[in-house]
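Engineer: Structure file run-v7.cif (mmCIF, C-alpha atoms) is given on the next line.
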```cif
data_structure
loop_
_atom_site.group_PDB
_atom_site.id
_atom_site.type_symbol
_atom_site.label_atom_id
_atom_site.label_comp_id
_atom_site.auth_asym_id
_atom_site.auth_seq_id
_atom_site.Cartn_x
_atom_site.Cartn_y
_atom_site.Cartn_z
ATOM 1 C CA MET A 1 19.546 -19.871 -6.094
ATOM 2 C CA ALA A 2 17.573 -21.003 -3.064
ATOM 3 C CA ILE A 3 15.725 -18.505 -0.907
ATOM 4 C CA ARG A 4 15.782 -19.214 2.801
ATOM 5 C CA ALA A 5 12.557 -19.069 4.818
ATOM 6 C CA LYS A 6 13.591 -16.001 6.808
ATOM 7 C CA ASP A 7 14.462 -14.165 3.581
ATOM 8 C CA LEU A 8 11.041 -15.000 2.158
ATOM 9 C CA SER A 9 9.279 -13.183 4.997
ATOM 10 C CA ARG A 10 11.370 -10.074 4.318
ATOM 11 C CA LEU A 11 10.350 -10.154 0.652
ATOM 12 C CA HIS A 12 6.705 -9.824 1.644
ATOM 13 C CA GLN A 13 7.104 -7.248 4.424
ATOM 14 C CA ARG A 14 5.474 -3.966 3.419
ATOM 15 C CA GLN A 15 7.501 -0.773 3.688
ATOM 16 C CA CYS A 16 7.109 2.907 2.923
ATOM 17 C CA VAL A 17 7.939 3.564 -0.717
ATOM 18 C CA ALA A 18 9.463 6.978 0.024
ATOM 19 C CA CYS A 19 11.846 6.223 2.917
ATOM 20 C CA GLY A 20 11.910 2.420 3.256
ATOM 21 C CA TYR A 21 10.515 2.349 6.805
ATOM 22 C CA ALA A 22 9.195 -1.152 7.506
ATOM 23 C CA GLY A 23 7.999 -0.823 11.098
ATOM 24 C CA ARG A 24 4.807 -2.200 12.545
ATOM 25 C CA PHE A 25 2.847 1.002 11.845
ATOM 26 C CA VAL A 26 3.213 0.827 8.060
ATOM 27 C CA ASP A 27 0.593 -1.819 7.303
ATOM 28 C CA ARG A 28 -2.133 -0.778 9.751
ATOM 29 C CA PRO A 29 -5.486 -0.078 8.034
ATOM 30 C CA ALA A 30 -6.003 3.246 9.834
ATOM 31 C CA GLN A 31 -2.479 4.535 9.148
ATOM 32 C CA ALA A 32 -2.793 7.513 6.797
ATOM 33 C CA ALA A 33 0.881 8.473 6.549
ATOM 34 C CA CYS A 34 4.337 7.113 7.254
ATOM 35 C CA PRO A 35 5.406 7.773 10.868
ATOM 36 C CA ARG A 36 8.980 8.514 9.776
ATOM 37 C CA CYS A 37 8.684 10.709 6.671
ATOM 38 C CA ALA A 38 4.929 11.577 6.599
ATOM 39 C CA CYS A 39 4.500 10.151 3.096
ATOM 40 C CA ASP A 40 0.774 10.016 2.321
ATOM 41 C CA PHE A 41 -0.246 6.356 1.985
ATOM 42 C CA ALA A 42 -3.313 7.306 -0.058
ATOM 43 C CA VAL A 43 -1.039 8.641 -2.803
ATOM 44 C CA ARG A 44 1.848 6.151 -2.454
ATOM 45 C CA PRO A 45 0.715 3.028 -0.586
ATOM 46 C CA PRO A 46 3.337 0.891 1.175
ATOM 47 C CA LYS A 47 4.512 -2.095 -0.851
ATOM 48 C CA SER A 48 6.651 -5.119 -0.248
ATOM 49 C CA TYR A 49 9.761 -5.790 -2.289
ATOM 50 C CA ALA A 50 7.920 -8.630 -4.038
ATOM 51 C CA GLU A 51 5.114 -6.273 -5.067
ATOM 52 C CA MET A 52 7.548 -3.626 -6.329
ATOM 53 C CA GLU A 53 9.401 -6.169 -8.446
ATOM 54 C CA GLY A 54 6.232 -7.826 -9.748
ATOM 55 C CA ILE A 55 6.923 -11.162 -8.058
ATOM 56 C CA ASP A 56 3.546 -11.092 -6.298
ATOM 57 C CA LYS A 57 0.262 -9.957 -7.686
ATOM 58 C CA LEU A 58 -0.665 -6.522 -6.460
ATOM 59 C CA GLU A 59 -3.689 -7.086 -4.272
ATOM 60 C CA GLN A 60 -4.953 -4.284 -2.118
ATOM 61 C CA ALA A 61 -6.544 -5.138 1.183
ATOM 62 C CA PRO A 62 -10.173 -4.009 1.499
ATOM 63 C CA ALA A 63 -9.256 -1.695 4.368
ATOM 64 C CA ARG A 64 -6.573 0.012 2.294
ATOM 65 C CA ALA A 65 -8.927 0.386 -0.675
ATOM 66 C CA ALA A 66 -11.555 1.915 1.606
ATOM 67 C CA ARG A 67 -8.973 4.317 3.050
ATOM 68 C CA MET A 68 -7.875 5.397 -0.420
ATOM 69 C CA SER A 69 -11.439 6.033 -1.550
ATOM 70 C CA ARG A 70 -12.161 7.965 1.661
ATOM 71 C CA GLN A 71 -9.181 10.321 1.165
ATOM 72 C CA GLU A 72 -10.147 13.365 -0.834
ATOM 73 C CA PRO A 73 -7.641 15.150 -3.107
ATOM 74 C CA PRO A 74 -8.417 18.646 -1.692
ATOM 75 C CA ALA A 75 -7.344 17.429 1.762
ATOM 76 C CA VAL A 76 -4.001 16.350 0.325
ATOM 77 C CA GLU A 77 -3.597 19.690 -1.441
ATOM 78 C CA TRP A 78 -4.425 21.568 1.770
ATOM 79 C CA ARG A 79 -1.624 19.732 3.615
ATOM 80 C CA LEU A 80 0.770 20.932 0.918
ATOM 81 C CA VAL A 81 -0.445 24.518 1.342
ATOM 82 C CA GLU A 82 0.002 24.260 5.122
ATOM 83 C CA ARG A 83 3.603 23.089 4.707
ATOM 84 C CA TRP A 84 4.450 25.944 2.334
ATOM 85 C CA LEU A 85 2.862 28.485 4.674
ATOM 86 C CA MET A 86 4.942 27.158 7.565
ATOM 87 C CA PHE A 87 8.082 27.368 5.391
ATOM 88 C CA PHE A 88 7.413 30.991 4.434
ATOM 89 C CA PHE A 89 6.588 31.869 8.052
ATOM 90 C CA GLY A 90 9.938 30.410 9.134
ATOM 91 C CA VAL A 91 11.786 32.340 6.419
ATOM 92 C CA VAL A 92 10.085 35.598 7.463
ATOM 93 C CA VAL A 93 10.916 35.049 11.149
ATOM 94 C CA ILE A 94 14.558 34.324 10.349
ATOM 95 C CA GLY A 95 14.717 37.325 8.007
ATOM 96 C CA LEU A 96 13.277 39.645 10.642
ATOM 97 C CA ALA A 97 15.758 38.328 13.197
ATOM 98 C CA VAL A 98 18.673 39.035 10.829
ATOM 99 C CA VAL A 99 17.376 42.547 10.121
ATOM 100 C CA ALA A 100 16.886 43.242 13.850
ATOM 101 C CA LEU A 101 20.412 42.043 14.681
ATOM 102 C CA GLY A 102 21.815 44.117 11.820
ATOM 103 C CA LEU A 103 20.053 47.241 13.041
ATOM 104 C CA ALA A 104 21.244 46.610 16.587
ATOM 105 C CA ALA A 105 24.828 46.283 15.353
ATOM 106 C CA PHE A 106 24.455 49.468 13.282
ATOM 107 C CA VAL A 107 23.193 51.430 16.291
ATOM 108 C CA VAL A 108 26.117 50.261 18.445
ATOM 109 C CA GLN A 109 28.670 51.319 15.819
ATOM 110 C CA GLY A 110 27.047 54.662 15.120
#
```
Can you present the structure in this file as structure tokens?
Structural biologist:
Amino acid sequence: MAIRAKDLSRLHQRQCVACGYAGRFVDRPAQAACPRCACDFAVRPPKSYAEMEGIDKLEQAPARAARMSRQEPPAVEWRLVERWLMFFFGVVVIGLAVVALGLAAFVVQG
């Protein structure tokens, strides 16, 4: 089966491994996370289809290797803690709103 030239460029276009976003911001050296799904590129770097299937050798650009070595694991863990804290804060706010509406309805009936 012959591969056309335009299909060959798509095989080597890097994309986010988590969501498949292949925009122009994925392969920038200073890009730390996916602009669509916020996947951390230090943990899961963007890859092309050829790299994922083993067609090409996996070669990391020097800028990407420097970015991965610069990223510290505690910073990644702290982002996870921040997300969970925001989730629990949202749950508490919604719970308090439900309780307040329930009390207001109870007072009106009583």
Engineer: Have a look at A:Gly102, A:Gly95, A:Gly54, A:Pro46 and name the one nearest to Phe25 (chain A); count all atoms listed in the file.
Structural biologist: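 Among the listed residues, the smallest separation from Phe25 (chain A) belongs to A:Pro46.
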Engineer: For CA of Leu11 (chain A) and CA of Tyr49 (chain A), determine how far apart the two atoms are, in Å to one decimal place.
Structural biologist: 5.3 Å
Engineer: From the set A:Val92, A:Val43, A:Leu80, A:Val107, which residue has the shortest atom-to-atom contact distance to Cys16 (chain A), counting only C-alpha atoms?
Structural biologist: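 Closest residue, counting only C-alpha atoms: A:Val43.
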Engineer: Given the PyMOL selection byres ((chain A and resi 21) around 12) and the file above, list the residues it selects as a PyMOL selection string.
Structural biologist: chain A and resi 13-20+22-27+33-39+46-48
Engineer: CA of Phe41 (chain A) and CA of Pro29 (chain A), how far apart in Å?
Structural biologist: 10.3 Å
Engineer: Between CA of Phe87 (chain A) and CA of Leu103 (chain A), what is the distance, to one decimal in Å?
Structural biologist: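 It comes out at 24.4 Å.
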